[in-house]
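Enquirer: My questions will all concern the structure given below.
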Protein chains: 2
Amino acid sequence: MATHFKGTLEQTLALDTWLKLSRAKESVGRKLKPCLGQHGVTSAQFGVLEMLYHLGTLNQTVIARKMLVSGGNVTMLVDNLEKHSWVERRRSQKDRRVIKVHLTTAGKAVIEQVLPIHVGALTEALAVLTSSERETLGMLCKKLGRGQQTDPTRTG
Amino acid sequence: MATHFKGTLEQTLALDTWLKLSRAKESVGRKLKPCLGQHGVTSAQFGVLEMLYHLGTLNQTVIARKMLVSGGNVTMLVDNLEKHSWVERRRSQKDRRVIKVHLTTAGKAVIEQVLPIHVGALTEALAVLTSSERETLGMLCKKLGRGQQTDPTRTG
DNA sequence: ATGATATAATTTAAGCTTAAATTATTTAGC
DNA sequence: GCTAAATAATTTAAGCTTAAATTATATCAT
């Protein structure tokens with residue numbers, strides 16, 4: 001038990017589980033970072049590139065919603081991706097408020113180069129668990145994540 | 001399966017597990033944030049206050065090592081905590097390079113007020129899992145986290 | 001004692017992230 | 001058509017985070 005907290009057993013265990021979850025995420029994240037860094041891509045930028053690669057051109061609003069980040073954040077990420085000429089902004093003709101973010105040829109090349117390396121590093125990082133453990137971990141994380149969604153239909 | 005990645009089954013499952021782990025951590029983190037925010041404490045600041053509360057006065061180097069963050073980061077966190085008068089810097093007499101970070105009375109009051117609320121929110125967030133599921137999750141996360149530590153004794 | 005090396009903290013520059021305010025544009029109601 | 005409300009993107013200010021360079025101090029080998 002890594003905590004010094006004095007509370008009920010349930011509370012202490014919750015804190016302990018949370019610390020382990022946070023640290024596991026952090027540790028794996030650290031393992032992944034350098035393999036992106038070698039190619040000059042940050043983790044957040046990679047997320048945008050991957051999304052555009054798999055889903056095609058998207059509005060900034062859609063990117064923000066899918067990544068669960070603020071609109072201002074997407075503005076900055078797309079700014080930085082544009083500096084590398086990995087994406088292009090194109091104003092929608094139908095609705096001039098909207099900006100569509102396109103992957104460029106260079107952007108496509110980068111994601112196609114980096115994605116397999118990234119997935120390889122991830123696969124290696126998760127290889128410390130057996131496949132059945134990975135499955136259990138995934139299932140529990142999914143349940144935990146889903147359980148946090150505030151249900152607006154619930155009568156307070 | 002939430003990914004669009006085309007690779008081996010093992011790779012696809014690894015990516016999927018990682019997404020679920022990241023999202024679970026993110027979701028629980030979001031649930032925790034407002035309860036700290038109400039008291040004007042950020043998550044990172046809370047980490048420092050909690051550490052000082054449970055372990056007593058610490059050098060900035062030690063704080064950085066325990067939190068797995070950079071020294072520059074600790075400098076800034078302690079700056080911001082000092083602005084609130086929650087901590088005090090005191091130069092060590094033995095070694096004048098060292099700065100010892102002390103929790104003030106006000107800092108102690110804040111952490112004592114916020115900690116139970118934080119733990120309560122956390123316990124509630126984790127309550128979507130059964131106690132045996134929490135235990136399994138903790139065990140798997142610990143194994144996964146530990147497995148990432150680069151072992152310098154291993155012959156490359 | 002001196003000079004090389006280590007360590008502790010800070011600074012700087014860059015990027016990530018958010019919330020809140022702002023601008024431009026569209027849509028809906030009248 | 002005109003006004004009000006909603007939506008898309010940007011800007012701003014604040015904080016988090018890192019890596020690399022800097023400053024001050026301590027330690028170690030001669």
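Just remember, in the structure tokens the first chain shown is A, the second B, etc., residues are 1-based per chain, and ligands are 1-based in the order shown.
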Excluding same-chain residues fewer than 4 positions from A:Gly7, what lies within 12 Å of it counting only C-alpha atoms (C1' of nucleotides), as JSON, numbers by chain?

Expert: {"A": [3, 11, 12, 13, 14, 15, 16], "B": [115, 116, 117, 118, 119, 120, 123]}

Enquirer: Could you do a least-squares fit of chain B on chain A over every C-alpha atom, in sequence order, and give the output as a compact mmCIF listing (two decimals) with C-alpha atoms, in the first residue's frame?

Expert:
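superposed.txt, freshly written:
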```txt
# COMPACT_ATOMS: atom_id res chain seq x y z
CA MET B 1 -0.03 0.01 -0.02
CA ALA B 2 1.70 3.13 -1.27
CA THR B 3 -0.46 5.77 0.42
CA HIS B 4 -0.22 7.36 3.85
CA PHE B 5 -3.89 8.22 3.92
CA LYS B 6 -5.88 7.38 7.03
CA GLY B 7 -9.46 6.63 6.11
CA THR B 8 -11.84 3.74 5.67
CA LEU B 9 -10.49 0.63 4.03
CA GLU B 10 -12.58 1.28 0.93
CA GLN B 11 -11.16 4.79 0.64
CA THR B 12 -7.60 3.65 1.10
CA LEU B 13 -8.05 0.96 -1.53
CA ALA B 14 -9.65 3.45 -3.93
CA LEU B 15 -6.72 5.83 -3.51
CA ASP B 16 -4.30 2.97 -4.00
CA THR B 17 -6.04 1.73 -7.16
CA TRP B 18 -6.08 5.26 -8.55
CA LEU B 19 -2.37 5.75 -7.92
CA LYS B 20 -1.58 2.49 -9.69
CA LEU B 21 -3.80 3.39 -12.64
CA SER B 22 -2.24 6.85 -12.94
CA ARG B 23 1.28 5.53 -12.72
CA ALA B 24 0.66 2.76 -15.23
CA LYS B 25 -0.71 5.26 -17.72
CA GLU B 26 2.17 7.62 -17.02
CA SER B 27 4.80 4.89 -17.38
CA VAL B 28 3.47 3.57 -20.67
CA GLY B 29 3.07 7.14 -21.92
CA ARG B 30 6.71 7.85 -21.14
CA LYS B 31 7.73 4.74 -23.05
CA LEU B 32 5.81 5.93 -26.09
CA LYS B 33 6.98 9.53 -26.15
CA PRO B 34 10.55 9.22 -27.46
CA CYS B 35 9.50 7.13 -30.46
CA LEU B 36 7.28 10.00 -31.59
CA GLY B 37 9.84 12.62 -30.57
CA GLN B 38 12.41 11.13 -32.94
CA HIS B 39 10.19 12.18 -35.78
CA GLY B 40 9.45 15.63 -34.40
CA VAL B 41 5.82 14.77 -33.59
CA THR B 42 4.33 15.39 -30.16
CA SER B 43 1.83 13.04 -28.63
CA ALA B 44 -1.04 15.49 -29.07
CA GLN B 45 -0.11 16.20 -32.68
CA PHE B 46 0.09 12.47 -33.33
CA GLY B 47 -3.46 12.12 -32.08
CA VAL B 48 -4.71 14.64 -34.62
CA LEU B 49 -2.72 13.16 -37.51
CA GLU B 50 -3.90 9.66 -36.69
CA MET B 51 -7.50 10.80 -36.54
CA LEU B 52 -7.29 12.56 -39.89
CA TYR B 53 -5.51 9.56 -41.39
CA HIS B 54 -8.20 7.12 -40.34
CA LEU B 55 -11.29 9.29 -40.59
CA GLY B 56 -10.38 11.74 -43.35
CA THR B 57 -10.85 15.50 -43.37
CA LEU B 58 -12.60 16.83 -40.23
CA ASN B 59 -13.83 20.13 -38.82
CA GLN B 60 -11.95 21.46 -35.81
CA THR B 61 -15.10 21.12 -33.73
CA VAL B 62 -15.28 17.44 -34.52
CA ILE B 63 -11.61 16.96 -33.68
CA ALA B 64 -12.13 18.69 -30.33
CA ARG B 65 -15.19 16.57 -29.54
CA LYS B 66 -13.51 13.29 -30.46
CA MET B 67 -10.32 14.10 -28.55
CA LEU B 68 -12.27 15.44 -25.56
CA VAL B 69 -10.28 18.67 -25.57
CA SER B 70 -11.21 22.33 -25.84
CA GLY B 71 -11.66 24.14 -29.13
CA GLY B 72 -8.86 26.53 -28.28
CA ASN B 73 -6.56 23.59 -27.89
CA VAL B 74 -7.39 22.32 -31.36
CA THR B 75 -6.73 25.76 -32.81
CA MET B 76 -3.22 25.61 -31.39
CA LEU B 77 -2.56 22.01 -32.40
CA VAL B 78 -3.66 22.71 -35.97
CA ASP B 79 -1.48 25.85 -35.96
CA ASN B 80 1.55 23.76 -35.06
CA LEU B 81 0.69 21.01 -37.53
CA GLU B 82 0.33 23.67 -40.24
CA LYS B 83 3.79 25.03 -39.45
CA HIS B 84 5.13 21.59 -40.36
CA SER B 85 2.90 21.55 -43.47
CA TRP B 86 1.38 18.30 -42.25
CA VAL B 87 -2.17 19.65 -42.47
CA GLU B 88 -3.99 22.42 -44.33
CA ARG B 89 -6.95 24.54 -43.24
CA ARG B 90 -9.70 24.98 -45.82
CA ARG B 91 -12.76 27.13 -45.19
CA SER B 92 -16.03 25.34 -45.89
CA GLN B 93 -18.04 26.83 -48.73
CA LYS B 94 -21.36 25.61 -47.33
CA ASP B 95 -20.81 27.15 -43.90
CA ARG B 96 -18.17 29.81 -43.74
CA ARG B 97 -17.77 29.47 -39.97
CA VAL B 98 -16.37 25.99 -40.46
CA ILE B 99 -12.74 25.13 -41.16
CA LYS B 100 -11.95 21.72 -42.56
CA VAL B 101 -8.57 20.28 -41.64
CA HIS B 102 -6.93 18.26 -44.43
CA LEU B 103 -3.97 15.92 -44.14
CA THR B 104 -1.29 16.92 -46.70
CA THR B 105 0.86 14.46 -48.62
CA ALA B 106 3.68 15.21 -46.17
CA GLY B 107 1.33 14.64 -43.24
CA LYS B 108 0.21 11.34 -44.67
CA ALA B 109 3.84 10.30 -45.13
CA VAL B 110 4.67 11.16 -41.52
CA ILE B 111 1.76 9.29 -40.02
CA GLU B 112 2.44 6.26 -42.22
CA GLN B 113 6.03 6.24 -41.07
CA VAL B 114 5.35 6.85 -37.38
CA LEU B 115 2.21 4.81 -36.78
CA PRO B 116 3.80 1.35 -37.11
CA ILE B 117 6.69 2.38 -34.87
CA HIS B 118 4.29 3.75 -32.32
CA VAL B 119 2.13 0.64 -32.37
CA GLY B 120 5.24 -1.51 -32.13
CA ALA B 121 6.42 0.34 -29.03
CA LEU B 122 2.96 0.09 -27.54
CA THR B 123 2.69 -3.61 -28.22
CA GLU B 124 6.07 -4.11 -26.58
CA ALA B 125 5.05 -2.03 -23.57
CA LEU B 126 1.89 -4.07 -23.07
CA ALA B 127 3.74 -7.34 -23.57
CA VAL B 128 4.49 -7.47 -19.84
CA LEU B 129 0.89 -8.60 -19.44
CA THR B 130 -0.45 -11.86 -20.81
CA SER B 131 -3.09 -11.56 -23.50
CA SER B 132 -5.78 -12.53 -21.05
CA GLU B 133 -4.54 -9.92 -18.57
CA ARG B 134 -4.61 -7.27 -21.31
CA GLU B 135 -8.14 -8.25 -22.12
CA THR B 136 -9.20 -8.02 -18.47
CA LEU B 137 -7.43 -4.68 -18.07
CA GLY B 138 -9.17 -3.33 -21.15
CA MET B 139 -12.54 -4.53 -19.95
CA LEU B 140 -12.13 -3.01 -16.48
CA CYS B 141 -10.86 0.29 -17.89
CA LYS B 142 -13.77 0.47 -20.26
CA LYS B 143 -16.23 -0.15 -17.45
CA LEU B 144 -14.50 2.41 -15.25
CA GLY B 145 -14.33 5.02 -17.98
CA ARG B 146 -17.93 4.56 -19.05
CA GLY B 147 -19.06 4.74 -15.45
CA GLN B 148 -17.81 8.32 -15.13
CA GLN B 149 -20.07 9.78 -17.78
CA THR B 150 -22.48 12.10 -16.08
CA ASP B 151 -25.94 10.85 -16.87
CA PRO B 152 -28.21 13.88 -17.41
CA THR B 153 -31.33 11.71 -17.20
CA ARG B 154 -30.58 10.72 -13.64
CA THR B 155 -32.78 12.52 -11.18
CA GLY B 156 -30.45 14.26 -8.72
```

Enquirer: Just want the 12 Å neighbourhood of C:DT27, counted on only C-alpha atoms (C1' of nucleotides), with same-chain residues fewer than 3 positions away dropped. Output as a PyMOL selection string.

Expert: (chain A and resi 95) or (chain D and resi 3-7)

Enquirer: I want to know what sits within 12 Å of D:DT22, based on only C-alpha atoms (C1' of nucleotides), with residues of the same chain fewer than 3 positions away left out; could you give that as an MDAnalysis selection string?

Expert: chainID C and resid 9:12

Enquirer: Taking only C-alpha atoms (C1' of nucleotides) into account, name the residue in C:DC16, C:DA8, C:DA28, C:DA1 that is nearest to chain B.

Expert: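 Answer, going by the shortest atom-to-atom distance: C:DA8.
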
Enquirer: DSSP on the backbone, helix (DSSP H, G or I) only: what residues of stretch 5-148 of chain B does that give? Format it as a PyMOL selection string.

Expert: chain B and resi 9-37+43-55+60-67+71-83+105-126+131-147

Enquirer: Could you go through stretch 69-146 of chain A and tell me which residues DSSP, when run on the backbone, assigns to strand (DSSP E), listing them as a PyMOL selection string?

Expert: chain A and resi 87-91+99-103

Enquirer: Can you measure atom C1' of C:DT5 to atom C1' of D:DT30 for me? One decimal in Å is fine.

Expert: 13.2 Å

Enquirer: Select, as a PyMOL selection string, those residues of chain D with any atom no more than 12 Å from chain A (distances computed using only C-alpha atoms (C1' of nucleotides)).

Expert: chain D and resi 7-12+18

Enquirer: Just write the chosen residues, all heavy atoms, as a compact mmCIF listing (two decimals), in the first residue's frame.

Expert:
```txt
# COMPACT_ATOMS: atom_id res chain seq x y z
P DT D 7 -26.11 25.43 -30.86
OP1 DT D 7 -26.68 24.13 -31.26
OP2 DT D 7 -25.62 25.68 -29.49
O5' DT D 7 -24.90 25.76 -31.85
C5' DT D 7 -25.15 25.76 -33.24
C4' DT D 7 -23.91 26.25 -33.95
O4' DT D 7 -23.73 27.66 -33.69
C3' DT D 7 -22.62 25.56 -33.50
O3' DT D 7 -22.05 24.97 -34.66
C2' DT D 7 -21.78 26.69 -32.91
C1' DT D 7 -22.35 27.90 -33.64
N1 DT D 7 -22.20 29.22 -32.99
C2 DT D 7 -21.71 30.25 -33.73
O2 DT D 7 -21.36 30.12 -34.90
N3 DT D 7 -21.62 31.46 -33.09
C4 DT D 7 -21.98 31.73 -31.79
O4 DT D 7 -21.86 32.86 -31.33
C5 DT D 7 -22.50 30.61 -31.04
C7 DT D 7 -22.92 30.79 -29.62
C6 DT D 7 -22.58 29.42 -31.66
P DA D 8 -20.65 24.19 -34.58
OP1 DA D 8 -20.73 23.10 -35.58
OP2 DA D 8 -20.32 23.90 -33.16
O5' DA D 8 -19.62 25.29 -35.10
C5' DA D 8 -19.58 25.62 -36.49
C4' DA D 8 -18.27 26.31 -36.80
O4' DA D 8 -18.28 27.63 -36.20
C3' DA D 8 -17.04 25.61 -36.24
O3' DA D 8 -16.04 25.59 -37.25
C2' DA D 8 -16.64 26.43 -35.03
C1' DA D 8 -17.18 27.82 -35.36
N9 DA D 8 -17.66 28.58 -34.20
C8 DA D 8 -18.38 28.12 -33.15
N7 DA D 8 -18.70 29.04 -32.27
C5 DA D 8 -18.15 30.20 -32.79
C6 DA D 8 -18.13 31.53 -32.34
N6 DA D 8 -18.71 31.95 -31.21
N1 DA D 8 -17.49 32.43 -33.11
C2 DA D 8 -16.91 32.03 -34.24
N3 DA D 8 -16.87 30.80 -34.77
C4 DA D 8 -17.51 29.93 -33.98
P DA D 9 -14.64 24.86 -36.97
OP1 DA D 9 -14.12 24.42 -38.28
OP2 DA D 9 -14.81 23.90 -35.87
O5' DA D 9 -13.73 26.07 -36.46
C5' DA D 9 -13.42 27.12 -37.40
C4' DA D 9 -12.85 28.30 -36.66
O4' DA D 9 -13.75 28.69 -35.63
C3' DA D 9 -11.50 28.08 -35.96
O3' DA D 9 -10.52 28.73 -36.74
C2' DA D 9 -11.69 28.70 -34.58
C1' DA D 9 -13.01 29.45 -34.70
N9 DA D 9 -13.78 29.51 -33.47
C8 DA D 9 -14.41 28.49 -32.80
N7 DA D 9 -15.04 28.86 -31.71
C5 DA D 9 -14.81 30.22 -31.65
C6 DA D 9 -15.22 31.21 -30.72
N6 DA D 9 -15.96 30.95 -29.65
N1 DA D 9 -14.81 32.48 -30.97
C2 DA D 9 -14.07 32.73 -32.05
N3 DA D 9 -13.63 31.89 -33.00
C4 DA D 9 -14.04 30.65 -32.73
P DT D 10 -8.99 28.82 -36.24
OP1 DT D 10 -8.19 29.21 -37.42
OP2 DT D 10 -8.67 27.63 -35.46
O5' DT D 10 -8.98 30.09 -35.26
C5' DT D 10 -9.31 31.37 -35.79
C4' DT D 10 -9.24 32.39 -34.69
O4' DT D 10 -10.21 32.07 -33.67
C3' DT D 10 -7.89 32.49 -33.96
O3' DT D 10 -7.39 33.78 -34.22
C2' DT D 10 -8.23 32.24 -32.49
C1' DT D 10 -9.71 32.51 -32.44
N1 DT D 10 -10.49 31.78 -31.41
C2 DT D 10 -11.05 32.49 -30.38
O2 DT D 10 -10.93 33.69 -30.26
N3 DT D 10 -11.79 31.73 -29.48
C4 DT D 10 -12.01 30.37 -29.52
O4 DT D 10 -12.68 29.81 -28.68
C5 DT D 10 -11.38 29.69 -30.63
C7 DT D 10 -11.55 28.21 -30.78
C6 DT D 10 -10.66 30.41 -31.51
P DT D 11 -5.91 34.22 -33.73
OP1 DT D 11 -5.47 35.32 -34.61
OP2 DT D 11 -5.09 33.02 -33.56
O5' DT D 11 -6.18 34.85 -32.28
C5' DT D 11 -7.09 35.93 -32.16
C4' DT D 11 -7.27 36.28 -30.69
O4' DT D 11 -8.06 35.26 -30.03
C3' DT D 11 -5.97 36.39 -29.89
O3' DT D 11 -5.95 37.69 -29.31
C2' DT D 11 -6.07 35.29 -28.84
C1' DT D 11 -7.56 35.07 -28.73
N1 DT D 11 -8.03 33.72 -28.33
C2 DT D 11 -8.89 33.61 -27.25
O2 DT D 11 -9.25 34.55 -26.60
N3 DT D 11 -9.32 32.32 -26.99
C4 DT D 11 -8.98 31.18 -27.68
O4 DT D 11 -9.43 30.09 -27.34
C5 DT D 11 -8.07 31.36 -28.78
C7 DT D 11 -7.63 30.17 -29.57
C6 DT D 11 -7.65 32.61 -29.05
P DT D 12 -4.65 38.27 -28.57
OP1 DT D 12 -4.68 39.73 -28.74
OP2 DT D 12 -3.48 37.49 -29.00
O5' DT D 12 -4.92 37.94 -27.04
C5' DT D 12 -6.14 38.37 -26.45
C4' DT D 12 -6.22 37.86 -25.03
O4' DT D 12 -6.70 36.50 -25.03
C3' DT D 12 -4.89 37.85 -24.28
O3' DT D 12 -5.07 38.59 -23.08
C2' DT D 12 -4.61 36.38 -24.02
C1' DT D 12 -6.00 35.77 -24.05
N1 DT D 12 -6.11 34.35 -24.47
C2 DT D 12 -6.99 33.54 -23.79
O2 DT D 12 -7.66 33.92 -22.84
N3 DT D 12 -7.07 32.25 -24.25
C4 DT D 12 -6.36 31.71 -25.30
O4 DT D 12 -6.54 30.53 -25.61
C5 DT D 12 -5.45 32.60 -25.98
C7 DT D 12 -4.63 32.10 -27.12
C6 DT D 12 -5.37 33.87 -25.54
P DT D 18 7.46 16.69 -16.49
OP1 DT D 18 7.53 15.25 -16.34
OP2 DT D 18 7.89 17.58 -15.39
O5' DT D 18 8.30 17.11 -17.78
C5' DT D 18 7.85 16.68 -19.08
C4' DT D 18 8.76 17.31 -20.13
O4' DT D 18 8.50 18.72 -20.17
C3' DT D 18 10.24 17.16 -19.78
O3' DT D 18 10.81 16.19 -20.67
C2' DT D 18 10.86 18.53 -20.03
C1' DT D 18 9.69 19.40 -20.46
N1 DT D 18 9.60 20.69 -19.74
C2 DT D 18 9.75 21.86 -20.45
O2 DT D 18 10.01 21.87 -21.64
N3 DT D 18 9.63 23.00 -19.72
C4 DT D 18 9.35 23.11 -18.37
O4 DT D 18 9.24 24.20 -17.83
C5 DT D 18 9.20 21.85 -17.68
C7 DT D 18 8.90 21.85 -16.22
C6 DT D 18 9.33 20.71 -18.38
```

Enquirer: Just checking: using only C-alpha atoms (C1' of nucleotides), which residue out of C:DT7, C:DT23, C:DT18, C:DG29 ends up closest to chain B?

Expert: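 Answer, going by the shortest atom-to-atom distance: C:DT7.
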
Enquirer: Would you mind listing, as a list in words, all residues of chain C that have at least one atom within 9 Å of chain A, where only C-alpha atoms (C1' of nucleotides) are what counts?

Expert: DG15, DC16, DT17, DT18, DA24, DT25 and DT26 of chain C
